[in-house]
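Accompanying notes for the structure given below.
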Amino acid sequence: MEDNVIFKLIKLKKYYQMGEVVVKALREVNLEIFQGEFLIVVGPSGSGKSTLLNIMGCLDSLTEGQIFFKNNDLSIYNDRERTLFRRNNIGFVFQFYNLISNLTAEENVEMATEISENAMNPAEVLELVELSDRKNHFPSQLSGGEQQRVAIARAIAKRPEVLLCDEPTGALDYSTGKIVLKLLNDIHKKTQTTVVIITHNAAIGALGDRIVKMKDGMITEIIKNEKPLSVEEIEW
């Protein structure tokens with residue numbers, strides 16, 4: 001595998017049995033993702049975006065095919081190996097922040113740093129996402145945008161090689177969504193972390209180095225974006 005390829009997906013399939021019906025969530029997906037890339041995966045609900053992200057992050061297993069992280073074949077990992085892979089390499093940002101309600105913002109970030117060997121200082125990470133003054137607040141005392149920024153801080157605190165973001169602006173209004181996208185973009189530029197964002201919002205694709213379009217469990221188009229726009233330039 002080429003040195004700059006961090007993920008390589010080969011003929012990836014994922015089928016679910018729903019009663020008597022077989023749902024084909026992914027059908028022969030082939031994709032390479034490059035080190036340090038800012039990649040946007042766009043498609044409607046049911047296109048397979050979240051399934052793809054979950055398989056890349058070892059939250060779900062595949063039915064057929066192979067998925068390589070660098071030169072490691074994740075498709076043959078057992079449960080323990082998958083857990084260690086997630087812990088050591090992947091940061092997750094979800095649509096609904098998944099913060100622990102009885103922990104402060106700083107304590108939520110600390111939880112991630114406790115399972116990492118090379119973690120950042122929680123206070124420094126909250127400063128990076130401009131929430132130092134809210135570090136002692138509980139999730140219920142934070143706005144949606146602030147909760148998402150805590151979730152991003154938690155994801156990057158362990159210095160992951162890849163940040164996987166599932167509809168990170170989906171629960172936010174337009175202005176707050178832009179703040180979160182700018183934060184993700186800024187973190188990518190500062191740290192050169194590989195960032196993959198999945199979204200149903202086609203306008204967000206303009207931010208990416210490449211745009212991957214999905215429909216019915218398949219990749220329909222991959223566009224190399226010669227001039228990614230800034231967050232300020234996109235509208236939806």
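In the structure tokens, the first chain shown is A, the next is B, and so on; residue numbers restart at 1 for each chain, and ligands run from 1 in the order shown.
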Item to check | Members of region 22-140 of chain A assigned alpha helix (DSSP H) by DSSP, as a PyMOL selection string | outcome: chain A and resi 49-56+79-89+105-113+122-128
Residues of region 52-168 of chain A at most 6 Å from region 194-202 of chain A: nearest atom pair and distance in Å, only C-alpha atoms, as JSON lines:
```
{"residue": "A:Val162", "atom": "CA", "partner": "A:Thr194", "partner_atom": "CA", "distance": 4.7}
{"residue": "A:Leu163", "atom": "CA", "partner": "A:Val195", "partner_atom": "CA", "distance": 4.8}
{"residue": "A:Leu164", "atom": "CA", "partner": "A:Val196", "partner_atom": "CA", "distance": 5.1}
{"residue": "A:Cys165", "atom": "CA", "partner": "A:Ile197", "partner_atom": "CA", "distance": 4.7}
{"residue": "A:Asp166", "atom": "CA", "partner": "A:Ile198", "partner_atom": "CA", "distance": 5.3}
{"residue": "A:Glu167", "atom": "CA", "partner": "A:Thr199", "partner_atom": "CA", "distance": 4.9}
```
Can you check which parts of region 114-145 of chain A lie within 10 Å of region 176-183 of chain A? Per residue, the shortest pair of atoms and distance in Å to one decimal, counting only C-alpha atoms, sorted by chain and number, as a Markdown table.
```
| residue | atom | partner | partner_atom | distance |
| --- | --- | --- | --- | --- |
| A:Leu128 | CA | A:Leu183 | CA | 9.0 |
| A:Val129 | CA | A:Leu183 | CA | 7.0 |
| A:Glu130 | CA | A:Leu183 | CA | 9.5 |
| A:Ser143 | CA | A:Thr176 | CA | 9.7 |
| A:Gly144 | CA | A:Thr176 | CA | 8.2 |
| A:Gly145 | CA | A:Thr176 | CA | 5.7 |
```
Residue subset to file, keeping N, CA and C atoms, as a CSV table (one decimal), in the first residue's frame:
```csv
chain,number,residue,atom,x,y,z
A,128,LEU,N,-8.1,25.0,23.1
A,128,LEU,CA,-8.0,24.9,21.6
A,128,LEU,C,-9.4,25.1,21.0
A,129,VAL,N,-10.4,24.6,21.7
A,129,VAL,CA,-11.8,24.7,21.1
A,129,VAL,C,-12.5,25.9,21.8
A,130,GLU,N,-11.8,26.8,22.4
A,130,GLU,CA,-12.3,28.1,23.0
A,130,GLU,C,-13.4,27.9,24.0
A,143,SER,N,-24.7,25.2,25.5
A,143,SER,CA,-25.5,25.2,24.3
A,143,SER,C,-25.2,24.0,23.4
A,144,GLY,N,-26.0,23.7,22.4
A,144,GLY,CA,-25.7,22.6,21.5
A,144,GLY,C,-24.3,22.8,20.9
A,145,GLY,N,-24.0,24.0,20.4
A,145,GLY,CA,-22.7,24.2,19.8
A,145,GLY,C,-21.5,24.0,20.8
```
Next on the checklist: Write out as a ChimeraX atom specification the set of residues from region 48-129 of chain A that DSSP, computed on the backbone, places in strand (DSSP E or B).
Outcome noted: /A:64-69,72-73,90-93
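Residues with any atom within 10 Å of region 79-86 of chain A, counting only C-alpha atoms and excluding same-chain neighbours fewer than 5 positions away, are A:Met56, A:Gly57, A:Cys58, A:Leu59, A:Asp60, A:Ser61, A:Phe69, A:Leu74, A:Gly91, A:Phe92, A:Ile115, A:Pro160, A:Val162.
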Next on the checklist: Ranking A:Lys14, A:Arg134, A:His188, A:Lys70 by minimum distance to Glu146 (chain A) and counting only C-alpha atoms, which one comes first?
Outcome noted: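 Among the listed residues, A:Arg134 lies closest to Glu146 (chain A).
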Checklist entry - Could you pull the residues within 9 Å of Lys49 (chain A), counting only C-alpha atoms, minus those fewer than 4 positions along the same chain, as a list in words? => result Ala25, Leu26, Val41, Val42, Gly43, Pro44, Ser45, Leu53, Asn54, Asp166, Ile198, Thr199, His200, Met214, Lys215 and Gly217 of chain A
Include C-alpha atoms and write out the residues we just selected as a compact mmCIF listing (two decimals), in the first residue's frame.
```
# COMPACT_ATOMS: atom_id res chain seq x y z
CA ALA A 25 -26.18 -1.16 3.35
CA LEU A 26 -22.89 -1.24 1.41
CA VAL A 41 -18.67 11.94 2.18
CA VAL A 42 -22.04 13.20 0.92
CA GLY A 43 -25.28 11.35 0.37
CA PRO A 44 -28.94 11.14 1.39
CA SER A 45 -30.24 9.17 4.37
CA LEU A 53 -17.89 5.34 8.91
CA ASN A 54 -18.76 2.74 11.55
CA ASP A 166 -20.88 11.60 11.62
CA ILE A 198 -20.10 12.44 6.49
CA THR A 199 -23.11 14.64 5.78
CA HIS A 200 -26.36 14.81 3.83
CA MET A 214 -22.84 7.91 -2.12
CA LYS A 215 -26.22 6.51 -3.05
CA GLY A 217 -24.81 1.75 -0.58
```
Checklist entry - A:Ile33, A:Glu64, A:Val109, A:Trp236: which is nearest Tyr174 (chain A), counting only C-alpha atoms? => result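 With only C-alpha atoms as the atom set, the closest residue is A:Trp236.
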Next on the checklist: Could you list, as a list in words, every residue within 10 Å of Glu235 (chain A), counting only C-alpha atoms and ignoring same-chain residues fewer than 3 positions away?
Outcome noted: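 Non-adjacent residues within range: Tyr174, Lys178, Ala203, Ile204, Ala206, Val231 and Glu232 of chain A.
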Could you pull the residues within 10 Å of Tyr16 (chain A), counting only C-alpha atoms, minus those fewer than 5 positions along the same chain, as an mmCIF file with C-alpha atoms, in the first residue's frame?
```cif
data_model
loop_
_atom_site.group_PDB
_atom_site.id
_atom_site.type_symbol
_atom_site.label_atom_id
_atom_site.label_comp_id
_atom_site.auth_asym_id
_atom_site.auth_seq_id
_atom_site.Cartn_x
_atom_site.Cartn_y
_atom_site.Cartn_z
ATOM 1 C CA VAL A 21 -35.442 -9.007 4.249
ATOM 2 C CA VAL A 22 -31.717 -8.544 3.562
ATOM 3 C CA VAL A 23 -30.713 -4.862 3.615
ATOM 4 C CA LYS A 24 -27.644 -4.159 1.506
ATOM 5 C CA ALA A 25 -26.181 -1.157 3.351
ATOM 6 C CA LEU A 26 -22.890 -1.237 1.406
ATOM 7 C CA THR A 63 -19.925 -8.816 5.578
#
```
Next on the checklist: I want to know what sits within 6 Å of Gln35 (chain A), based on only C-alpha atoms, with residues of the same chain fewer than 6 positions away left out; could you give that as a VMD selection string?
Outcome noted: chain A and resid 4 to 6 194
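Of note, CA of Leu126 (chain A) and CA of Glu37 (chain A) are spaced 23.8 Å apart.
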Checklist entry - How many Å lie between CA of Tyr15 (chain A) and CA of Phe68 (chain A), rounded to one decimal? => result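 Going from CA of Tyr15 (chain A) over to CA of Phe68 (chain A), I get 19.5 Å.
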Item to check | Counting only C-alpha atoms, the residue of A:Ala151, A:Lys158, A:Asp3, A:Asp186 that sits nearest Asn71 (chain A) | outcome: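 Closest residue, counting only C-alpha atoms: A:Asp3.
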Item to check | Interatomic distance (Å, one decimal) between CA of Ser132 (chain A) and CA of Tyr97 (chain A) | outcome: 18.3 Å
